[in-house]
Amino acid sequence: MRLVLRAALLAIVGVATALPLGSGCQRPPKEKPNVLLISIDTLRADHVGAYGYRLDTTPAIDALARRGVRFADATVAWPKTWPSMAAMVTGKPPQTNGILLRPRRPLPPENLTLAEALRDGGYATGAVVANVNLARSFGFDQGFETYVESWADEAIRQTGSASFRNAPGLVKRFTNGRVVTDQALATLDALGSGKDRPFFLWLHYIDPHGPYVPPPAYAKLFAGEHPPYPVPLADLPPYQLQIDPATGQVSNDIGFYATQYDREIRSLDAQISRLLAALDERGLTRDTLIVFTADHGESLSENAYYLEHGDVPYQTTAAVPLFFVLEGRLPGGRVVERPVGVIDIFATILELTRTPVPPGLASTSLVRALEGDDAATPQDVFMMSGKYEPWQLSVREGPWKLVLLRAPQDREWLHAPERALYDLARDPTEQHDVLAENRVLAAALEKKLIDWLVATPRYTGGAKTDLEQLDERTQDMLRALGYLE
Ligand SMILES: [Zn+2]
């Protein structure tokens, strides 16, 4: 009865979708909430419990997702760290913001970044990033008052010097979920914890990026959950290779690596739990918008593309978790099924923080969808990928996904046709090309893709970054993560 009355009252004032039941006795949410943007490196959606994974990899992340609105079908702009995150923090696609896979260049200063927009809107801005591809030398610090390069800060703390040489086995010696969380809390306090000014804090965690080395406490978790799946050792990326303690040999078993991957996710989840508890202790839970996503997924064995991301257009690396939590403002437990892009985070955060939205964005605010209007995600979702030019292109519309492999090398190594259509509702792992049965639909989607490609403004200025000219430590970090191979 009380619920009925309350729903009627809320309907009268027109905010029924914005206020969860039970929050009526509290003060209204702040006009400019704090913003905590969490991006996880290499977290594929289907290894997250909230996205239906069979193993308990993410209890804390799942609980957080239930407090907000979860997008069941979120796609990155490019399944590689720097072009993906550049699109997220500029609200513009790779061709426009200047950050494609090649040429490497720092994020051009002509871009208005999310941090700059929020800083100009009165926010204290800070970031902790754990992937060297987001280093200051690549321009991702634009707009941040405090920018922590996690690996370097931790090396200084542990050894008194940032001049360490990295190697594959050492990647997570200096940065991992625990370190990033420690640095995040220190940064949060340095920014004033939202007391005088609201804060914008961006955290980019490196786990579960390979090589998958979970902390020792997780070494036995999920044992036996992934059956042995041996592949030729030469097919695995060198930076991923590990000795399997069970055999004492360098492992060529995808089952072993998939288990290690899941262990890393679970260890990350424990750090997210710690982060959220610390927010709670500081009394920040209610006034903080939490946005959770990933920069791309990971292909474990699919398409015979092992333990990597970036070179294929498939859902293994394209699909990531995405959810928004803001108690007192956004409903809890809501799920939006329609496809959206991680690029939409930009406009969504600006609207939720009442920050002016600059012109020329390719980012659509998801606020209407967050509030309950499922149809309010109007745009098609485009993605680029690949290592050969011309790049792979794909477009999503509802359950449909059209993939164009424009480079002959891609068609050769993927044993796939130039164009393929998938019905993800029936075929989520993209095993069955249904283009022949749906030629009209496929042609319409291809026209959308080509129109998008032609209409998207191209970035033409800016200097290139010669990776060989970067300092040796940055080169070592890149190499250890598999980027200079
Ligand atoms: Zn990444």
# chains A, B, ... in the order shown; residues from 1 in each chain; ligands from 1

$ residues_near_ligand --ligand "ligand 1" --cutoff "10 Å" --atoms "only C-alpha atoms and all ligand atoms" --output "VMD selection string"
chain A and resid 39 to 43 79 to 85 130 to 134 204 to 210 294 to 298 308 to 310 481

$ write_last_selection --atoms "N, CA and C atoms" --output "compact mmCIF listing (two decimals), in the first residue's frame"
# COMPACT_ATOMS: atom_id res chain seq x y z
N SER A 39 37.87 2.19 -15.57
CA SER A 39 38.03 1.37 -16.78
C SER A 39 39.02 0.25 -16.47
N ILE A 40 38.63 -0.94 -16.86
CA ILE A 40 39.45 -2.12 -16.60
C ILE A 40 40.11 -2.54 -17.90
N ASP A 41 41.39 -2.77 -17.87
CA ASP A 41 42.06 -3.20 -19.09
C ASP A 41 41.75 -4.67 -19.36
N THR A 42 41.25 -4.96 -20.59
CA THR A 42 41.17 -6.35 -21.06
C THR A 42 40.10 -7.19 -20.35
N LEU A 43 39.03 -6.57 -19.90
CA LEU A 43 37.96 -7.34 -19.23
C LEU A 43 36.82 -7.61 -20.21
N PRO A 79 39.13 -2.09 -30.23
CA PRO A 79 39.49 -2.97 -29.11
C PRO A 79 40.99 -3.00 -28.79
N LYS A 80 41.55 -1.83 -28.62
CA LYS A 80 42.96 -1.71 -28.25
C LYS A 80 43.04 -0.51 -27.30
N THR A 81 43.95 -0.56 -26.35
CA THR A 81 43.89 0.38 -25.23
C THR A 81 43.80 1.85 -25.65
N TRP A 82 44.78 2.31 -26.45
CA TRP A 82 44.83 3.76 -26.63
C TRP A 82 43.74 4.31 -27.56
N PRO A 83 43.44 3.63 -28.69
CA PRO A 83 42.31 4.18 -29.46
C PRO A 83 40.97 4.04 -28.75
N SER A 84 40.81 2.98 -27.96
CA SER A 84 39.56 2.81 -27.22
C SER A 84 39.38 3.91 -26.18
N MET A 85 40.43 4.12 -25.40
CA MET A 85 40.31 5.10 -24.31
C MET A 85 40.31 6.53 -24.85
N ALA A 130 47.29 2.61 -15.18
CA ALA A 130 48.25 1.53 -14.98
C ALA A 130 48.73 0.93 -16.29
N ASN A 131 48.27 1.46 -17.42
CA ASN A 131 48.77 0.97 -18.71
C ASN A 131 49.61 2.08 -19.33
N VAL A 132 50.82 1.74 -19.69
CA VAL A 132 51.78 2.74 -20.19
C VAL A 132 51.27 3.41 -21.47
N ASN A 133 50.34 2.76 -22.17
CA ASN A 133 49.78 3.39 -23.37
C ASN A 133 48.92 4.61 -23.05
N LEU A 134 48.64 4.82 -21.78
CA LEU A 134 47.89 6.01 -21.35
C LEU A 134 48.81 6.99 -20.62
N HIS A 204 42.30 3.61 -14.26
CA HIS A 204 42.45 2.58 -15.29
C HIS A 204 43.32 1.46 -14.73
N TYR A 205 42.66 0.36 -14.40
CA TYR A 205 43.35 -0.81 -13.83
C TYR A 205 43.97 -1.65 -14.95
N ILE A 206 45.14 -2.24 -14.68
CA ILE A 206 45.83 -3.05 -15.70
C ILE A 206 45.39 -4.52 -15.65
N ASP A 207 45.05 -5.03 -14.47
CA ASP A 207 44.60 -6.41 -14.42
C ASP A 207 43.19 -6.46 -15.00
N PRO A 208 42.85 -7.42 -15.86
CA PRO A 208 43.56 -8.66 -16.18
C PRO A 208 44.31 -8.65 -17.52
N HIS A 209 44.96 -7.54 -17.88
CA HIS A 209 45.80 -7.56 -19.08
C HIS A 209 46.91 -8.59 -18.88
N GLY A 210 47.26 -9.28 -19.95
CA GLY A 210 48.34 -10.26 -19.87
C GLY A 210 49.69 -9.58 -19.67
N ALA A 294 35.33 -1.21 -19.57
CA ALA A 294 36.64 -1.77 -19.91
C ALA A 294 37.06 -1.21 -21.26
N ASP A 295 38.38 -1.29 -21.54
CA ASP A 295 38.85 -0.71 -22.81
C ASP A 295 38.69 -1.69 -23.98
N HIS A 296 38.57 -2.98 -23.68
CA HIS A 296 38.37 -4.02 -24.69
C HIS A 296 38.32 -5.35 -23.96
N GLY A 297 38.00 -6.41 -24.69
CA GLY A 297 38.01 -7.73 -24.09
C GLY A 297 39.31 -8.45 -24.37
N GLU A 298 39.22 -9.77 -24.53
CA GLU A 298 40.40 -10.59 -24.81
C GLU A 298 39.93 -11.83 -25.56
N GLU A 308 44.95 -12.43 -26.96
CA GLU A 308 45.25 -11.11 -27.52
C GLU A 308 43.96 -10.34 -27.81
N HIS A 309 44.12 -9.10 -28.21
CA HIS A 309 42.99 -8.24 -28.53
C HIS A 309 43.47 -7.22 -29.55
N GLY A 310 42.52 -6.69 -30.31
CA GLY A 310 42.86 -5.60 -31.22
C GLY A 310 42.82 -5.97 -32.68
N LEU A 481 54.21 -5.50 -22.25
CA LEU A 481 52.77 -5.71 -22.45
C LEU A 481 52.48 -6.18 -23.87

$ residues_around --residues "stretch 467-479 of chain A" --least-positions-apart "3" --cutoff "12 Å" --atoms "only C-alpha atoms" --output "JSON, numbers by chain"
{"A": [81, 102, 103, 104, 105, 106, 130, 131, 132, 133, 134, 135, 136, 137, 138, 149, 150, 151, 152, 155, 161, 162, 163, 164, 165, 166, 167, 168, 169, 170, 171, 172, 173, 174, 175, 210, 211, 237, 238, 239, 240, 464, 482, 483, 484, 485]}

$ closest_residue --among "A:Asn34, A:Thr293, A:Ser273, A:Thr429" --to "A:Gly194" --atoms "only C-alpha atoms"
A:Asn34

$ select_by_dssp --residues "stretch 94-223 of chain A" --states "alpha helix (DSSP H)" --output "PyMOL selection string"
chain A and resi 94-97+114-120+150-159+171-174+177-190

$ write_last_selection --atoms "C-alpha atoms" --output "PDB file, in the first residue's frame"
ATOM      1  CA  PRO A  94      39.396   7.427 -33.793  1.00  0.00           C
ATOM      2  CA  GLN A  95      39.550   9.187 -37.173  1.00  0.00           C
ATOM      3  CA  THR A  96      38.337  12.441 -35.648  1.00  0.00           C
ATOM      4  CA  ASN A  97      40.330  12.566 -32.419  1.00  0.00           C
ATOM      5  CA  LEU A 114      36.363  14.741 -20.458  1.00  0.00           C
ATOM      6  CA  ALA A 115      38.782  15.919 -17.764  1.00  0.00           C
ATOM      7  CA  GLU A 116      39.080  19.359 -19.366  1.00  0.00           C
ATOM      8  CA  ALA A 117      35.316  19.736 -19.669  1.00  0.00           C
ATOM      9  CA  LEU A 118      34.774  18.741 -16.031  1.00  0.00           C
ATOM     10  CA  ARG A 119      37.694  20.851 -14.792  1.00  0.00           C
ATOM     11  CA  ASP A 120      36.214  23.855 -16.606  1.00  0.00           C
ATOM     12  CA  SER A 150      50.929   3.907 -11.485  1.00  0.00           C
ATOM     13  CA  TRP A 151      53.957   1.803 -12.476  1.00  0.00           C
ATOM     14  CA  ALA A 152      56.428   4.680 -12.133  1.00  0.00           C
ATOM     15  CA  ASP A 153      55.063   6.007  -8.837  1.00  0.00           C
ATOM     16  CA  GLU A 154      55.146   2.559  -7.287  1.00  0.00           C
ATOM     17  CA  ALA A 155      58.676   1.915  -8.540  1.00  0.00           C
ATOM     18  CA  ILE A 156      59.800   5.145  -6.893  1.00  0.00           C
ATOM     19  CA  ARG A 157      58.032   4.150  -3.687  1.00  0.00           C
ATOM     20  CA  GLN A 158      59.578   0.667  -3.632  1.00  0.00           C
ATOM     21  CA  THR A 159      63.058   1.355  -4.988  1.00  0.00           C
ATOM     22  CA  VAL A 171      54.750  -6.111 -15.374  1.00  0.00           C
ATOM     23  CA  LYS A 172      52.620  -6.393 -12.272  1.00  0.00           C
ATOM     24  CA  ARG A 173      55.486  -6.014  -9.839  1.00  0.00           C
ATOM     25  CA  PHE A 174      55.009  -2.269  -9.935  1.00  0.00           C
ATOM     26  CA  GLY A 177      44.892  -3.717  -8.605  1.00  0.00           C
ATOM     27  CA  ARG A 178      46.132  -3.266  -5.070  1.00  0.00           C
ATOM     28  CA  VAL A 179      48.623  -0.560  -6.062  1.00  0.00           C
ATOM     29  CA  VAL A 180      46.085   1.311  -8.204  1.00  0.00           C
ATOM     30  CA  THR A 181      43.536   1.242  -5.375  1.00  0.00           C
ATOM     31  CA  ASP A 182      46.107   2.586  -2.890  1.00  0.00           C
ATOM     32  CA  GLN A 183      47.039   5.351  -5.319  1.00  0.00           C
ATOM     33  CA  ALA A 184      43.382   6.045  -6.048  1.00  0.00           C
ATOM     34  CA  LEU A 185      42.581   6.647  -2.384  1.00  0.00           C
ATOM     35  CA  ALA A 186      45.635   8.882  -1.954  1.00  0.00           C
ATOM     36  CA  THR A 187      44.582  10.839  -5.072  1.00  0.00           C
ATOM     37  CA  LEU A 188      41.025  11.088  -3.823  1.00  0.00           C
ATOM     38  CA  ASP A 189      42.234  12.601  -0.563  1.00  0.00           C
ATOM     39  CA  ALA A 190      44.596  14.943  -2.416  1.00  0.00           C
TER      40      ALA A 190
END

$ closest_residue --among "A:Val89, A:Trp400, A:Gln409, A:Asn438" --to "A:Arg426" --atoms "only C-alpha atoms"
A:Trp400

$ atom_distance --atom1 "atom CA of A:Val340" --atom2 "atom CA of A:Asp269"
24.1 Å

$ decode --residues "stretch 75-139 of chain A" --atoms "C-alpha atoms" --output "mmCIF file, in the first residue's frame"
data_model
loop_
_atom_site.group_PDB
_atom_site.id
_atom_site.type_symbol
_atom_site.label_atom_id
_atom_site.label_comp_id
_atom_site.auth_asym_id
_atom_site.auth_seq_id
_atom_site.Cartn_x
_atom_site.Cartn_y
_atom_site.Cartn_z
ATOM 1 C CA THR A 75 30.905 -1.984 -27.674
ATOM 2 C CA VAL A 76 34.244 -0.190 -27.698
ATOM 3 C CA ALA A 77 35.304 2.143 -30.502
ATOM 4 C CA TRP A 78 38.469 0.102 -31.140
ATOM 5 C CA PRO A 79 39.489 -2.965 -29.115
ATOM 6 C CA LYS A 80 42.957 -1.707 -28.247
ATOM 7 C CA THR A 81 43.886 0.382 -25.227
ATOM 8 C CA TRP A 82 44.832 3.761 -26.631
ATOM 9 C CA PRO A 83 42.312 4.182 -29.464
ATOM 10 C CA SER A 84 39.561 2.807 -27.219
ATOM 11 C CA MET A 85 40.312 5.101 -24.312
ATOM 12 C CA ALA A 86 40.956 8.101 -26.584
ATOM 13 C CA ALA A 87 37.424 7.722 -27.979
ATOM 14 C CA MET A 88 36.002 7.423 -24.465
ATOM 15 C CA VAL A 89 37.728 10.552 -23.139
ATOM 16 C CA THR A 90 37.067 12.704 -26.226
ATOM 17 C CA GLY A 91 33.603 11.500 -27.283
ATOM 18 C CA LYS A 92 34.942 11.305 -30.818
ATOM 19 C CA PRO A 93 35.782 8.330 -33.012
ATOM 20 C CA PRO A 94 39.396 7.427 -33.793
ATOM 21 C CA GLN A 95 39.550 9.187 -37.173
ATOM 22 C CA THR A 96 38.337 12.441 -35.648
ATOM 23 C CA ASN A 97 40.330 12.566 -32.419
ATOM 24 C CA GLY A 98 43.502 11.493 -34.230
ATOM 25 C CA ILE A 99 44.129 8.295 -32.261
ATOM 26 C CA LEU A 100 43.960 5.295 -34.544
ATOM 27 C CA LEU A 101 46.275 2.353 -34.149
ATOM 28 C CA ARG A 102 48.795 4.082 -36.415
ATOM 29 C CA PRO A 103 50.437 6.486 -36.573
ATOM 30 C CA ARG A 104 51.159 6.637 -32.856
ATOM 31 C CA ARG A 105 50.860 10.184 -31.624
ATOM 32 C CA PRO A 106 49.991 11.878 -28.359
ATOM 33 C CA LEU A 107 46.309 12.686 -27.952
ATOM 34 C CA PRO A 108 46.103 15.930 -29.966
ATOM 35 C CA PRO A 109 45.530 18.985 -27.754
ATOM 36 C CA GLU A 110 42.781 20.177 -30.113
ATOM 37 C CA ASN A 111 40.557 17.576 -28.461
ATOM 38 C CA LEU A 112 38.483 18.694 -25.509
ATOM 39 C CA THR A 113 38.862 15.847 -23.058
ATOM 40 C CA LEU A 114 36.363 14.741 -20.458
ATOM 41 C CA ALA A 115 38.782 15.919 -17.764
ATOM 42 C CA GLU A 116 39.080 19.359 -19.366
ATOM 43 C CA ALA A 117 35.316 19.736 -19.669
ATOM 44 C CA LEU A 118 34.774 18.741 -16.031
ATOM 45 C CA ARG A 119 37.694 20.851 -14.792
ATOM 46 C CA ASP A 120 36.214 23.855 -16.606
ATOM 47 C CA GLY A 121 32.928 22.983 -14.943
ATOM 48 C CA GLY A 122 34.457 23.282 -11.475
ATOM 49 C CA TYR A 123 35.653 19.762 -10.828
ATOM 50 C CA ALA A 124 38.876 18.704 -9.125
ATOM 51 C CA THR A 125 40.405 16.232 -11.590
ATOM 52 C CA GLY A 126 42.710 13.295 -10.976
ATOM 53 C CA ALA A 127 43.630 10.001 -12.607
ATOM 54 C CA VAL A 128 45.558 6.841 -11.869
ATOM 55 C CA VAL A 129 46.462 4.871 -14.973
ATOM 56 C CA ALA A 130 48.250 1.535 -14.976
ATOM 57 C CA ASN A 131 48.770 0.971 -18.706
ATOM 58 C CA VAL A 132 51.781 2.736 -20.195
ATOM 59 C CA ASN A 133 49.775 3.388 -23.370
ATOM 60 C CA LEU A 134 47.893 6.008 -21.348
ATOM 61 C CA ALA A 135 51.089 7.686 -20.126
ATOM 62 C CA ARG A 136 51.652 11.430 -20.077
ATOM 63 C CA SER A 137 53.935 10.981 -23.074
ATOM 64 C CA PHE A 138 50.825 9.908 -25.017
ATOM 65 C CA GLY A 139 48.874 12.986 -23.936
#
